[in-house]
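The next block holds one structure in the form of structure tokens; read it before the comments.
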Amino acid sequence: MFDYLIVGAGFAGSVLAERLATRSNKKVLIIDKRSHIAGNAYDHYNEEGILVHKYGPHIFHTNSKDVFDYLSQFTEWRSYEHRVLASVDGQLVPMPINLDTINKLYGLNLTSFQLEEFFESVAEKVPEIKTSEDVVVSKVGRELYEKFFKYYTRKQWGMDPSELDKSVTSRVPTRTNRDDRYFTDTFQAMPLHGYTKMFENMLSHPNIKVMLNTDYKEIINEIQYKEMIFTGPVDEYFDYKFGKLPYRSLEFKHETLNTESFLPAAVVNYPNEHAYTRVTEFKMLTGQKHSKTSVVYEFPRAEGDPYYPVPKPENAELYNKYKKIADQTPGVHFVGRLATYKYYNMDQVVAQALTLYKKLTEKVEEDKTIAEIEKIVKGKSLNGSAIKISTNGSH
């Protein structure tokens with residue numbers, strides 16, 4: 001008998017498995033459809049011995065010391081600050097847009113103060129910011145929106161930014177200084193020996209059993225367990241009873257090249273030309289020394305593994321129907337990107353899993369307290385004299 005059956009061995013499932021096994025001494029079975037642990041963060045050494053991320057680049061960054069400290073128990077880190085270039089008008093310029101981007105693109109020599117004025121002069125007035133288009137044109141105007149965002153977003157999401165919720169482009173900042181880092185979080189690093197190794201360390205407790213290549217629906221009636229933690233698609237759990245939640249998928253084309261380096265930055269975005277959105281060179285992320293290099297091209301797709309929830313009001317409405325029944329499903333806890341239909345970063349998923357663990361342990365303590373009180377009350381009721389209420393005012 002397992003205390004917990006956990007469906008999905010990505011960040012959400014693995015963090016909860018580790019906490020429940022090591023801190024609460026629970027017996028845990030964690031299962032995954034795929035042939036490996038670590039979810040989309042899975043990395044491995046390819047046939048040439050180069051460490052690659054199977055499902056595209058995963059860059060760890062967080063402002064949460066708690067999350068960073070927690071993961072630091074399972075890995076050493078390599079300091080790494082992510083930088084991205086975008087191919088625009090035949091030039092490679094920093095992305096997110098900053099002072100150097102504008103100066104290089106237009107052959108100018110603006111200062112930060114002048115760039116602020118420049119943005120103000122080209123920005124469009126938008127009465128209410130609702131869509132991803134609104135976010136960008138209200139900050140940097142229509143020309144830069146079209147050069148950097150419009151067609152990239154169309155490729156990535158299969159729809160125009162004017163159809164997408166503002167949250168999509170709100171993730172990308174615009175800067176008036178020369179800071180060319182993609183992220184500005186306090187903690188930015190890559191697991192020194194890779195993500196998969198970190199997950200192996202996380203799941204190495206004797207209380208944790210791992211089953212791969214397994215669909216939970218095929219074994220659910222064969223396994224004895226007390227509670228379930230579900231990290232897969234919430235609509236799949238309920239057999240799509242309200243309809244399918246829309247996702248965007250990706251196809252990855254991996255190539256190993258007979259050269260020591262290939263790109264001028266770890267990632268180059270292609271907003272306008274090519275069917276792919278970006279190219280990543282893994283050695284720049286991992287710091288690995290090798291005579292060859294490996295890259296991946298990303299092609300957005302409508303069908304395939306679910307990667308990105310599509311942020312539109314009608315999809316949020318549909319998810320809320322599933323959330324309502326999920327909240328009312330006893331003994332099942334829904335956590336992670338797919339189960340909560342949110343585009344979370346890795347650190348946000350870890351934080352969500354740690355929060356759920358805290359709730360589960362508080363519930364256990366509460367249940368224990370109630371059981372102890374019931375036991376005491378029951379014991380006293382068997383001894384009638386012990387529960388007589390004094391009538392002289394003393395207790």
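By convention here, the chains of the structure tokens are called A, B, ... in the order presented, each chain's residues are numbered starting at 1, and ligands are numbered starting at 1 in the order presented.
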
Using only C-alpha atoms, I'd like a table of the residues in range 19-52 of chain A that come within 8 Å of range 265-289 of chain A; for each, show the closest atom pair and its distance in Å rounded to one decimal, ordered by chain and ascending number, as CSV.
residue,atom,partner,partner_atom,distance
A:Ile50,CA,A:Gln288,CA,7.6
A:Leu51,CA,A:Phe282,CA,7.1
A:Val52,CA,A:Phe282,CA,5.9

(message) When you look at range 100-113 of chain A with a cut-off of 10 Å (counting only C-alpha atoms), what residues show up, excluding the ones that are within fewer than 3 positions of it in the same chain? I need them as a list in words.
(response) Leu85, Ala86, Val88, Asp89, Gly90, Gln91, Leu92, Val93, Pro94, Met95, Pro96, Ile97, Glu116, Glu117, Phe118, Leu144, Arg175, Thr176, Asn177, Arg178, Asp179 and Asp180 of chain A

(request) Determine, counting only C-alpha atoms, which protein, DNA and RNA residues have an atom within 6 Å of an atom of range 292-309 of chain A; residues of the same chain fewer than 3 positions away are not included. Present the result as a PyMOL selection string. (result) chain A and resi 156+247-261+276-281+341

(request) Please give the complete set of residues from range 41-70 of chain A that DSSP, run on the backbone, assigns to strand (DSSP E or B), formatted as a PyMOL selection string. (result) chain A and resi 43-45+51-53+60-62

Hey, can you spit out that residue selection with N, CA and C atoms as an mmCIF file, in the first residue's frame?
data_model
loop_
_atom_site.group_PDB
_atom_site.id
_atom_site.type_symbol
_atom_site.label_atom_id
_atom_site.label_comp_id
_atom_site.auth_asym_id
_atom_site.auth_seq_id
_atom_site.Cartn_x
_atom_site.Cartn_y
_atom_site.Cartn_z
ATOM 1 N N ASP A 43 17.449 16.126 -19.624
ATOM 2 C CA ASP A 43 18.617 16.276 -20.497
ATOM 3 C C ASP A 43 19.405 14.970 -20.511
ATOM 4 N N HIS A 44 20.201 14.796 -21.537
ATOM 5 C CA HIS A 44 20.969 13.544 -21.683
ATOM 6 C C HIS A 44 22.175 13.793 -22.592
ATOM 7 N N TYR A 45 23.135 12.877 -22.536
ATOM 8 C CA TYR A 45 24.301 12.971 -23.421
ATOM 9 C C TYR A 45 23.957 12.289 -24.739
ATOM 10 N N LEU A 51 25.934 17.116 -23.810
ATOM 11 C CA LEU A 51 24.736 17.215 -22.972
ATOM 12 C C LEU A 51 23.715 18.125 -23.654
ATOM 13 N N VAL A 52 22.544 17.545 -23.985
ATOM 14 C CA VAL A 52 21.510 18.322 -24.677
ATOM 15 C C VAL A 52 20.199 18.255 -23.901
ATOM 16 N N HIS A 53 19.387 19.282 -24.066
ATOM 17 C CA HIS A 53 18.037 19.317 -23.482
ATOM 18 C C HIS A 53 17.080 18.791 -24.548
ATOM 19 N N PHE A 60 17.400 27.959 -15.632
ATOM 20 C CA PHE A 60 16.855 28.143 -14.283
ATOM 21 C C PHE A 60 17.131 29.556 -13.773
ATOM 22 N N HIS A 61 16.078 30.202 -13.286
ATOM 23 C CA HIS A 61 16.211 31.546 -12.694
ATOM 24 C C HIS A 61 15.081 31.727 -11.691
ATOM 25 N N THR A 62 15.378 32.381 -10.571
ATOM 26 C CA THR A 62 14.349 32.608 -9.556
ATOM 27 C C THR A 62 14.752 33.759 -8.637
#

(request) Determine which residues of range 30-145 of chain A receive a DSSP assignment of helix (DSSP H, G or I), computed from the backbone, and state them as an MDAnalysis selection string. (result) chainID A and resid 39:41 65:71 99:106 112:122 132:145

Please provide as a PDB file with N, CA and C atoms, in the first residue's frame all residues within 6 Å of Val210 in chain A, with the sequence filter that same-chain residues fewer than 4 positions apart are discarded (counting only C-alpha atoms).
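Output below, filename part-v1.pdb:
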ATOM      1  N   LEU A  29       4.674   6.093  -4.853  1.00  0.00           N
ATOM      2  CA  LEU A  29       4.900   5.551  -6.199  1.00  0.00           C
ATOM      3  C   LEU A  29       4.724   6.701  -7.175  1.00  0.00           C
ATOM      4  N   ILE A  30       5.754   6.969  -7.984  1.00  0.00           N
ATOM      5  CA  ILE A  30       5.672   8.039  -8.975  1.00  0.00           C
ATOM      6  C   ILE A  30       5.766   7.396 -10.358  1.00  0.00           C
ATOM      7  N   ILE A  31       4.803   7.714 -11.216  1.00  0.00           N
ATOM      8  CA  ILE A  31       4.770   7.084 -12.536  1.00  0.00           C
ATOM      9  C   ILE A  31       4.765   8.139 -13.636  1.00  0.00           C
TER      10      ILE A  31
END

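The spacing separating CA of Val15 in chain A from CA of Leu356 in chain A amounts to 10.2 Å.
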
(message) Considering only C-alpha atoms, can you say which of A:Thr361, A:Thr214, A:Thr329, A:Ser87 comes closest to Met228 in chain A?
(response) A:Thr329

(message) as a list in words, please: the residues near Asp32 in chain A (cut-off 8 Å, only C-alpha atoms, same-chain neighbours under 2 positions excluded).
(response) Val7, Gly8, Ala9, Ile30, Arg34, Ser35, His36, Ile37, Met211, Leu212, Asn213, Thr214, Asp215 and Tyr216 of chain A

Take the residues just selected and output them with C-alpha atoms as a PDB file, in the first residue's frame.
ATOM      1  CA  VAL A   7       1.255  10.903 -11.735  1.00  0.00           C
ATOM      2  CA  GLY A   8       4.093  12.663 -13.562  1.00  0.00           C
ATOM      3  CA  ALA A   9       7.819  12.723 -12.762  1.00  0.00           C
ATOM      4  CA  ILE A  30       5.672   8.039  -8.975  1.00  0.00           C
ATOM      5  CA  ARG A  34       7.598   8.789 -20.826  1.00  0.00           C
ATOM      6  CA  SER A  35      10.702   6.629 -20.659  1.00  0.00           C
ATOM      7  CA  HIS A  36      12.500   9.055 -18.322  1.00  0.00           C
ATOM      8  CA  ILE A  37      12.141  11.237 -15.229  1.00  0.00           C
ATOM      9  CA  MET A 211       7.564   3.426 -12.848  1.00  0.00           C
ATOM     10  CA  LEU A 212       8.264   4.722 -16.365  1.00  0.00           C
ATOM     11  CA  ASN A 213       6.596   3.997 -19.738  1.00  0.00           C
ATOM     12  CA  THR A 214       3.360   3.737 -17.752  1.00  0.00           C
ATOM     13  CA  ASP A 215      -0.048   5.289 -18.329  1.00  0.00           C
ATOM     14  CA  TYR A 216      -1.661   5.669 -14.906  1.00  0.00           C
TER      15      TYR A 216
END

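The two atoms in question, CA of Tyr4 in chain A and CA of Val28 in chain A, are spaced 4.9 Å apart.
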
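The smallest atom-to-atom distance between Leu115 in chain A and any of A:Leu99, A:Tyr319, A:Tyr357, A:Phe11, using only C-alpha atoms, is found for A:Leu99.
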